[in-house]
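Reviewing the structure listed below.
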Amino acid sequence: MAACRRVQLLLLLMSIVVSEVHLNDNDGIPASFKNQGPGQAPNAGNPAAPAAGASQPRRITGWKLAEEEACREDLTRLCPKHTWNNNLAVLECLQDRKEDTEIASDCNHLLWNYKLNLTTDPKFESVAVEVCKSTITEIKECAEEERGKGYLVSCLVDHRANITEYQCHQYITKMTAIIFSDYRLICGFMGKCREDVNALHCGSISTGEKDIHSQGEVISCLERALVLELEQRENRYEIKEECKKAILRVAELSSDDFHLDRYLYFSCREDRERFCENTQAGEGRVYKCLFNHKFEESMSEKCREALTTRQKLIAQDYKVSYSLAKACKVDLRKYRCNVDNLPRAREARLSYLLLCLESAVHRGRVVSGECQGEMLDYRRMLMEDYSLSPEIVLNCRGEIDHHCSGLHRKGRTLHCLMRLGRGEKNSLGATCQQALQTLIQETDPGSDYRIDRALNEACESVMQTACKHIRTGDPMILSCLMEHLYTEKMVEDCEHRLLELQYFISRDWKLDPILYRKCQGDAVRLCHTHGWNETSEVMPPGAVFSCLYRHAYRTEEQGRRLSRDCKAEVQRILHQRALDVKLDPMLQERCMTDLGKWCSEKTESGQELECLQDHLEDLISDCRDVVGNLTELESEDIQIEALLMRACEPVIQAYCHEVADNQIDTGDLMECLIQSKHQKEMNEKCMVGVTHFQLVQMKDFRFSYKFKMACKEDVLKLCPNIKKKVDVVICLSTTVRNDTLQDVKDQRVSVKCRKQLRVEELEMSEDIRLEPELYDSCKQDIGKYCQNVPYGNAQVIECLKESKKQLTQRCHQRVFKLQETEMVDPELDYTLMRVCKQMIKRFCGDADTKNMLQCLKQNKNSELMDPKCKQMITKRQITQNTDYRLNPVLRKACKADIPKFCQNILNKATDGSELEGQVISCLKLKYADQRLSPDCEDQIRVILQESALDYRLDPQLHMHCMEEITSLCAEEAAAQEQTGQVEECLKVNLLKIKQDTCKKEVLNILKESKADIFVDPVLHTACALDIKHHCAAIPPGRGRQMSCLMEALEDKRVRLQPECKKRLQDRIEMWSYAAKVAPAEGFSDLAMQVMVSPSKNYILLMIALCVSMLFVVGLLCGRLTKRLTQEQKDR
């Protein structure tokens, strides 16, 4: 061992040790030194200089310090009498006196020379050999030391932790306390640090200039300069490398007993009594006790500063901590954390030790419990005090001065910096951010929340209530806290501290210990990652998680997937990140500009991501890609949306628990929630969240996972370059419709896509906002006519239908197109299907969905029909009768009749606007003329029958006669009984009707009633028995049954029911008046009037007589004309 490489310990012979080794001198000095006084041995400065004020050297045995005149007064005043006969006891007494107690300078100098004389004499080595004989044999390094130069004792001090021999241990311990009282007694220290001491003005190394207390301050001054060097960029003094090593070596050798750090000992003597009175000295126990009380209010500032300096030295060299170095010695060697070929400055750093051993723990290696306990203490220490990390002090000085001053204690400064990092403006510089990220990795608070004292204190109440089932210190505590974020159990302070920490944990996947443990193998296999404490430029820590979640949702056909355990952890992290956009590093980085531009006012939890999704088309390309990918991921596993899942928990438990329990979601849960939107368990938050997700899905068909998977190939083949979901749905629906109409054998859209397409169409019909073109066209009208109407349950769509006549042209056209689609496919009529859901099951369970409305209409008047459903059916009938295009059955049946008889009406029509029943009115008149085709006639007969019962089903009558109905038939209209009473009222009051248009409509009704008695429900009801008795064999239609009743009325042999007879007579009078007011428009009309006239026989007889007379006249005139012509020819 090189000379002065270690601290050469100056040996004092203790009386107790000497007596045990059978030395005869009661003062502990060897026989060879009996005649040696304090001035005879050379000292460090001037070997021949006698001690000032000391007695002349005496050559007598048993020399006592107490007998020296220079120290007699101080000894009497400060030291107990029983110590006077023991030089060591006297030395300790005077050395450990109170700081405010002075001793004479002559006595101080005498003590210095005495210690120096003793420690520089090589004969003390022989005492060590005798006292520590067995120990030297056991420690090979010491046995091999060269004798006579003091190296043996230095070696024993280095290995004092391994000394088991009681006498030797006591011997080494006692003299160590003496030597460390003065830096000048340490071998080589003066030579190595002389220039630095002078340059830093840490004190003088001249004999007698400083008292004993200031000697500790010299080393303390050098220590402070050493740690300050690392915390400054400019104007810093660099201590020489050999002096640095000497300073750290001194700190290391004083690590087991705080008495040996003289400056800290005197600075913290009272604090030790206050906080650590029962803590036994040795093995660094007092240091640790004081460290734990460092931020107590009653801790003196001077002691706190001394402790901080000591901690900073530990951060530079872990061996300065006796307990840590001892506890982790085996593990450090086992996991090669102190490899010889690494630079001392690196491998000695506390951060390196922590990272190396934490890496072993995370890899599943066994690290002793004692070592892990020490690591926990020092990780907590680094989190409590930012000043122990020179990188933080150096790189974050500006941020601390401007934003975090005065928050030094209990980790508050670090959390202040974290808050700045996750703030809206991100006030941290890049270097400070990186320093914080590095510190978080070194301390690894994700593995044990107790490391972060600020978080621990803020969240204590939450952990006791929400997470009490989890073992203290378990990594799952943080996950538990995140699960209860934004719940009633969470407190505000805990919420802030938790998000501040999670912001940095989320930027390095390794900082979540559970995720790392479950996904380490997958990360190596799929993402080519390195060890826990190693980084890669190709795959930085922030990119690893992105790689993992890309593989988490792959199908087997798409290639390699994550293990089940890893996927579960990836899902857990995604759930947490959904709570706050700042927990997704890539999203925050790429969308920072857009967040400020579009979402600056969205401050509630989850609102920022929703805002970005709402403005998806407006985002910059990079941000749009990230938001799109995340939304696509959510469509497959909506449970990622933790806030939505929390809001929808009652609905999930009631209706969707089976799909929610599936490990693989594939969009089933969201589909279930959409279908359950209007259940009683659905609350407003859940409703809003589900609807928002539906709206987002409309922006890109990829956002609907089931639709994407079912129709991906069809979209690529049939609808390329179309991205918006609504456009894709229209494209595919149009293709399906065209193939159906053309009876194509092999439809172009696959079966699985057609099935999912139907689901999407049904979902879109529930909310007008899910049909963007309709919503955009009608936004103004919605604000005007449907302002207070909720969007859900298609209520706004229904409101627009009811206000159709007042709508703007653009909106009116869109609503008409929507109604046309719904009439063709009633299943898309959300309101009808919802209101009549039970009636459909009762009456139309086997009916085709295309014929659903037709089925309901046929059963409308059943006694079992629900009144609300009946009312809804009537609304749809009214809508159908406004335009033949809204009645697909009529349109098909009258395909040839409409252009033949009503072309003039079609010529006036515009696309997208109703014809207000004009075409149907036209067909009704032709029905009365018996000129329609059989299929068309059947459909018009049904319409006539329905409208005869309810005037509202006749749009022309309703439009032109509304005034008369209000004034003449108010009572019948108010009754709302669909029995034809309003029409009967109008017929009875025909003479009172003033408006010609209304009168004409009533006359048309009378005309139509001649063609079929079913068109006149009042008359049909009154004559039902008579028809059964007298006209049962006559088929209905073409006025046949009406003619039968008229003949029965004229036949005196037939007795009709009084009510029927009266109604028939009334009808005859009405028809007579109608004939006067509205003469026949053509021969067919005239013929029909004759056929249904009560004087039909008389009229026919007269017509026959007229025809006969004309025939006779014709014959006569013809013969006469023929003769005249012959005579002219004969001429």
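By order of appearance in the structure tokens: chains A, B, ..., then residues from 1 within every chain, and ligands from 1 in the order shown.
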
Can you tell me which residues surround range 977-984 of chain A at a distance of at most 6 Å, considering only C-alpha atoms, apart from same-chain residues fewer than 4 positions away, and format the answer as an MDAnalysis selection string?
chainID A and resid 948:950 972

List the neighbours of His1029 in chain A out to 12 Å using only C-alpha atoms; skip same-chain residues closer than 2 positions along the sequence, and give me the result as a ChimeraX atom specification.
/A:1023-1027,1031-1034,1041,1044-1045,1048,1054-1057

Save the residues we just selected, N, CA and C atoms, as a compact mmCIF listing (two decimals), in the first residue's frame?
```txt
# COMPACT_ATOMS: atom_id res chain seq x y z
N CYS A 1023 -125.17 1.43 -42.38
CA CYS A 1023 -125.79 0.46 -43.28
C CYS A 1023 -125.12 -0.90 -43.27
N ALA A 1024 -124.31 -1.16 -42.27
CA ALA A 1024 -123.56 -2.41 -42.24
C ALA A 1024 -124.47 -3.62 -42.29
N LEU A 1025 -125.59 -3.61 -41.50
CA LEU A 1025 -126.51 -4.75 -41.48
C LEU A 1025 -127.24 -4.90 -42.81
N ASP A 1026 -127.62 -3.78 -43.38
CA ASP A 1026 -128.36 -3.82 -44.65
C ASP A 1026 -127.46 -4.35 -45.78
N ILE A 1027 -126.20 -3.96 -45.75
CA ILE A 1027 -125.28 -4.47 -46.76
C ILE A 1027 -125.14 -5.98 -46.60
N CYS A 1031 -126.87 -6.94 -49.82
CA CYS A 1031 -125.82 -6.77 -50.84
C CYS A 1031 -124.61 -7.66 -50.56
N ALA A 1032 -124.82 -8.73 -49.84
CA ALA A 1032 -123.69 -9.57 -49.44
C ALA A 1032 -123.02 -10.22 -50.63
N ALA A 1033 -123.78 -10.51 -51.66
CA ALA A 1033 -123.22 -11.18 -52.82
C ALA A 1033 -122.51 -10.23 -53.77
N ILE A 1034 -122.64 -8.96 -53.53
CA ILE A 1034 -122.06 -7.96 -54.44
C ILE A 1034 -120.68 -7.57 -53.92
N GLN A 1041 -121.80 -1.72 -54.40
CA GLN A 1041 -122.57 -1.83 -53.15
C GLN A 1041 -123.41 -0.58 -52.92
N CYS A 1044 -126.40 -0.91 -55.01
CA CYS A 1044 -127.29 -1.91 -54.40
C CYS A 1044 -128.15 -1.28 -53.31
N LEU A 1045 -127.54 -0.45 -52.51
CA LEU A 1045 -128.29 0.21 -51.43
C LEU A 1045 -129.30 1.20 -52.01
N ALA A 1048 -132.21 -0.68 -53.19
CA ALA A 1048 -133.00 -1.14 -52.04
C ALA A 1048 -133.82 0.01 -51.45
N VAL A 1054 -138.37 -3.54 -49.76
CA VAL A 1054 -137.21 -3.69 -48.88
C VAL A 1054 -137.29 -2.65 -47.76
N ARG A 1055 -137.13 -3.13 -46.57
CA ARG A 1055 -137.15 -2.22 -45.41
C ARG A 1055 -135.72 -2.07 -44.87
N LEU A 1056 -135.17 -0.92 -45.06
CA LEU A 1056 -133.81 -0.63 -44.57
C LEU A 1056 -133.87 -0.17 -43.12
N GLN A 1057 -132.69 -0.27 -42.46
CA GLN A 1057 -132.57 0.26 -41.09
C GLN A 1057 -132.82 1.76 -41.11
```

Residues of range 753-987 of chain A in helix (DSSP H, G or I), written as a PyMOL selection string
chain A and resi 753-764+768-770+772-785+792-802+804-806+809-824+826-828+830-835+837-843+849-858+867-882+884-886+888-893+897-901+903-908+918-928+934-949+951-953+955-960+962-968+970-975+981-987

Find the residues near range 856-870 of chain A: any atom within 8 Å, counting only C-alpha atoms, skip ones fewer than 5 places away on the same chain, and give them as a PyMOL selection string.
chain A and resi 832+835-836+839-840+843-844

I want to know what sits within 8 Å of range 360-362 of chain A, based on only C-alpha atoms, with residues of the same chain fewer than 3 positions away left out; could you give that as a PyMOL selection string?
chain A and resi 335+356-357+365-367+513+516-517+532

Within 12 Å of range 295-298 of chain A, counting only C-alpha atoms, which residues qualify if same-chain residues fewer than 2 places away don't, as a list in words?
Cys268, Glu270, Asp271, Arg272, Arg274, Phe275, Cys289, Leu290, Phe291, Asn292, His293, Ser300, Glu301, Lys302, Cys303, Arg304, Glu305, Leu307, Thr308, Met381, Glu384, Asp385, Leu407, His408, Arg409, Lys410, Gly411, Arg412 and Arg453 of chain A

Just the selected residues (C-alpha atoms), exported as a PDB file, in the first residue's frame, please.
```pdb
ATOM      1  CA  CYS A 268     -25.369  18.856  15.815  1.00  0.00           C
ATOM      2  CA  GLU A 270     -27.596  19.563  20.847  1.00  0.00           C
ATOM      3  CA  ASP A 271     -29.784  18.226  18.021  1.00  0.00           C
ATOM      4  CA  ARG A 272     -28.403  14.765  18.655  1.00  0.00           C
ATOM      5  CA  ARG A 274     -32.917  16.314  21.160  1.00  0.00           C
ATOM      6  CA  PHE A 275     -33.701  13.795  18.412  1.00  0.00           C
ATOM      7  CA  CYS A 289     -31.240   9.360  12.797  1.00  0.00           C
ATOM      8  CA  LEU A 290     -30.260  12.974  12.180  1.00  0.00           C
ATOM      9  CA  PHE A 291     -30.998  12.614   8.454  1.00  0.00           C
ATOM     10  CA  ASN A 292     -34.519  11.458   9.309  1.00  0.00           C
ATOM     11  CA  HIS A 293     -35.110  14.572  11.418  1.00  0.00           C
ATOM     12  CA  SER A 300     -30.963  23.978  14.101  1.00  0.00           C
ATOM     13  CA  GLU A 301     -30.028  25.530  10.776  1.00  0.00           C
ATOM     14  CA  LYS A 302     -26.326  24.931  11.310  1.00  0.00           C
ATOM     15  CA  CYS A 303     -26.881  21.224  11.899  1.00  0.00           C
ATOM     16  CA  ARG A 304     -29.198  21.028   8.892  1.00  0.00           C
ATOM     17  CA  GLU A 305     -26.520  22.564   6.682  1.00  0.00           C
ATOM     18  CA  LEU A 307     -26.173  17.207   7.390  1.00  0.00           C
ATOM     19  CA  THR A 308     -26.924  18.410   3.858  1.00  0.00           C
ATOM     20  CA  MET A 381     -33.432  11.176   0.815  1.00  0.00           C
ATOM     21  CA  GLU A 384     -36.826  14.940  -0.166  1.00  0.00           C
ATOM     22  CA  ASP A 385     -34.010  17.356  -0.914  1.00  0.00           C
ATOM     23  CA  LEU A 407     -40.206  25.192  -0.850  1.00  0.00           C
ATOM     24  CA  HIS A 408     -36.992  23.391   0.042  1.00  0.00           C
ATOM     25  CA  ARG A 409     -38.329  20.924   2.537  1.00  0.00           C
ATOM     26  CA  LYS A 410     -39.935  17.488   2.189  1.00  0.00           C
ATOM     27  CA  GLY A 411     -39.674  17.218  -1.583  1.00  0.00           C
ATOM     28  CA  ARG A 412     -41.818  20.256  -2.277  1.00  0.00           C
ATOM     29  CA  ARG A 453     -42.626  11.996   0.930  1.00  0.00           C
TER      30      ARG A 453
END
```

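Minimum atom-to-atom distances from A:Gly191, A:Pro955, A:Gly1114, A:Pro1035 to Thr879 in chain A were compared using only C-alpha atoms, and the lowest value belongs to A:Pro955.
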
Top pick for closest residue to Leu644 in chain A, considering A:Ala281, A:Cys686, A:Leu612, A:Ala1075 and counting only C-alpha atoms
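Counting only C-alpha atoms, the residue closest to Leu644 in chain A is A:Cys686.
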
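Nearest-residue note for Glu223 in chain A: choosing from A:Val749, A:Leu248, A:Leu515, A:Cys855, the minimum distance belongs to A:Leu248, counting only C-alpha atoms.
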
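In this model, the gap between CA of Thr465 in chain A and CA of Gly446 in chain A comes to 20.3 Å.
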
With only C-alpha atoms as the counted atoms, please give the residues lying no more than 10 Å from Leu156 in chain A, apart from itself and same-chain residues fewer than 3 positions off, as JSON, numbers by chain.
{"A": [9, 128, 132, 135, 136, 139, 141, 142, 143, 151, 152, 153, 159, 160, 161, 162, 163, 168, 169, 172]}

Select, from A:Leu633, A:Ile514, A:Met418, A:Leu886, the residue with the minimum atom-to-atom distance to Arg363 in chain A, counting only C-alpha atoms.
A:Ile514

Determine, counting only C-alpha atoms, which protein, DNA and RNA residues have an atom within 9 Å of an atom of Cys193 in chain A; residues of the same chain fewer than 4 positions away are not included. Present the result as a ChimeraX atom specification.
/A:188-189,197-198,222,239-240,242-244,246-247

Keeping only N, CA, C and O atoms, take the residues you just selected and write them out as a JSON list (two decimals), in the first residue's frame.
```json
[["chain", "number", "residue", "atom", "x", "y", "z"],
["A", 188, "GLY", "N", -0.64, 12.89, 4.95],
["A", 188, "GLY", "CA", -0.75, 13.29, 3.56],
["A", 188, "GLY", "C", -1.78, 14.35, 3.29],
["A", 188, "GLY", "O", -1.78, 14.97, 2.23],
["A", 189, "PHE", "N", -2.72, 14.56, 4.22],
["A", 189, "PHE", "CA", -3.79, 15.52, 3.97],
["A", 189, "PHE", "C", -3.23, 16.91, 3.78],
["A", 189, "PHE", "O", -3.66, 17.65, 2.89],
["A", 197, "VAL", "N", -6.65, 24.64, 0.44],
["A", 197, "VAL", "CA", -7.03, 25.31, 1.68],
["A", 197, "VAL", "C", -6.75, 26.81, 1.59],
["A", 197, "VAL", "O", -7.56, 27.66, 1.95],
["A", 198, "ASN", "N", -5.56, 27.13, 1.09],
["A", 198, "ASN", "CA", -5.19, 28.54, 0.97],
["A", 198, "ASN", "C", -6.03, 29.26, -0.08],
["A", 198, "ASN", "O", -6.48, 30.40, 0.12],
["A", 222, "LEU", "N", -13.66, 22.56, 2.92],
["A", 222, "LEU", "CA", -13.24, 21.85, 1.71],
["A", 222, "LEU", "C", -14.39, 20.98, 1.17],
["A", 222, "LEU", "O", -14.58, 20.87, -0.04],
["A", 239, "ILE", "N", -11.11, 21.89, -7.22],
["A", 239, "ILE", "CA", -10.18, 21.30, -6.25],
["A", 239, "ILE", "C", -9.35, 20.25, -6.97],
["A", 239, "ILE", "O", -9.85, 19.50, -7.81],
["A", 240, "LYS", "N", -8.07, 20.18, -6.60],
["A", 240, "LYS", "CA", -7.19, 19.20, -7.23],
["A", 240, "LYS", "C", -7.71, 17.79, -6.97],
["A", 240, "LYS", "O", -8.29, 17.50, -5.92],
["A", 242, "GLU", "N", -6.24, 14.97, -6.28],
["A", 242, "GLU", "CA", -5.73, 14.23, -5.12],
["A", 242, "GLU", "C", -6.34, 14.75, -3.83],
["A", 242, "GLU", "O", -6.57, 13.99, -2.88],
["A", 243, "CYS", "N", -6.68, 16.05, -3.81],
["A", 243, "CYS", "CA", -7.34, 16.59, -2.62],
["A", 243, "CYS", "C", -8.78, 16.11, -2.54],
["A", 243, "CYS", "O", -9.30, 15.82, -1.46],
["A", 244, "LYS", "N", -9.46, 16.00, -3.70],
["A", 244, "LYS", "CA", -10.83, 15.48, -3.72],
["A", 244, "LYS", "C", -10.86, 14.09, -3.11],
["A", 244, "LYS", "O", -11.72, 13.77, -2.28],
["A", 246, "ALA", "N", -8.74, 12.79, -1.08],
["A", 246, "ALA", "CA", -8.44, 12.86, 0.35],
["A", 246, "ALA", "C", -9.68, 13.29, 1.14],
["A", 246, "ALA", "O", -9.97, 12.76, 2.22],
["A", 247, "ILE", "N", -10.43, 14.27, 0.61],
["A", 247, "ILE", "CA", -11.64, 14.74, 1.30],
["A", 247, "ILE", "C", -12.67, 13.61, 1.42],
["A", 247, "ILE", "O", -13.23, 13.36, 2.49]]
```

Could you work out how far CA of Cys922 in chain A lies from CA of Lys895 in chain A, giving the answer in Å with one decimal?
13.9 Å
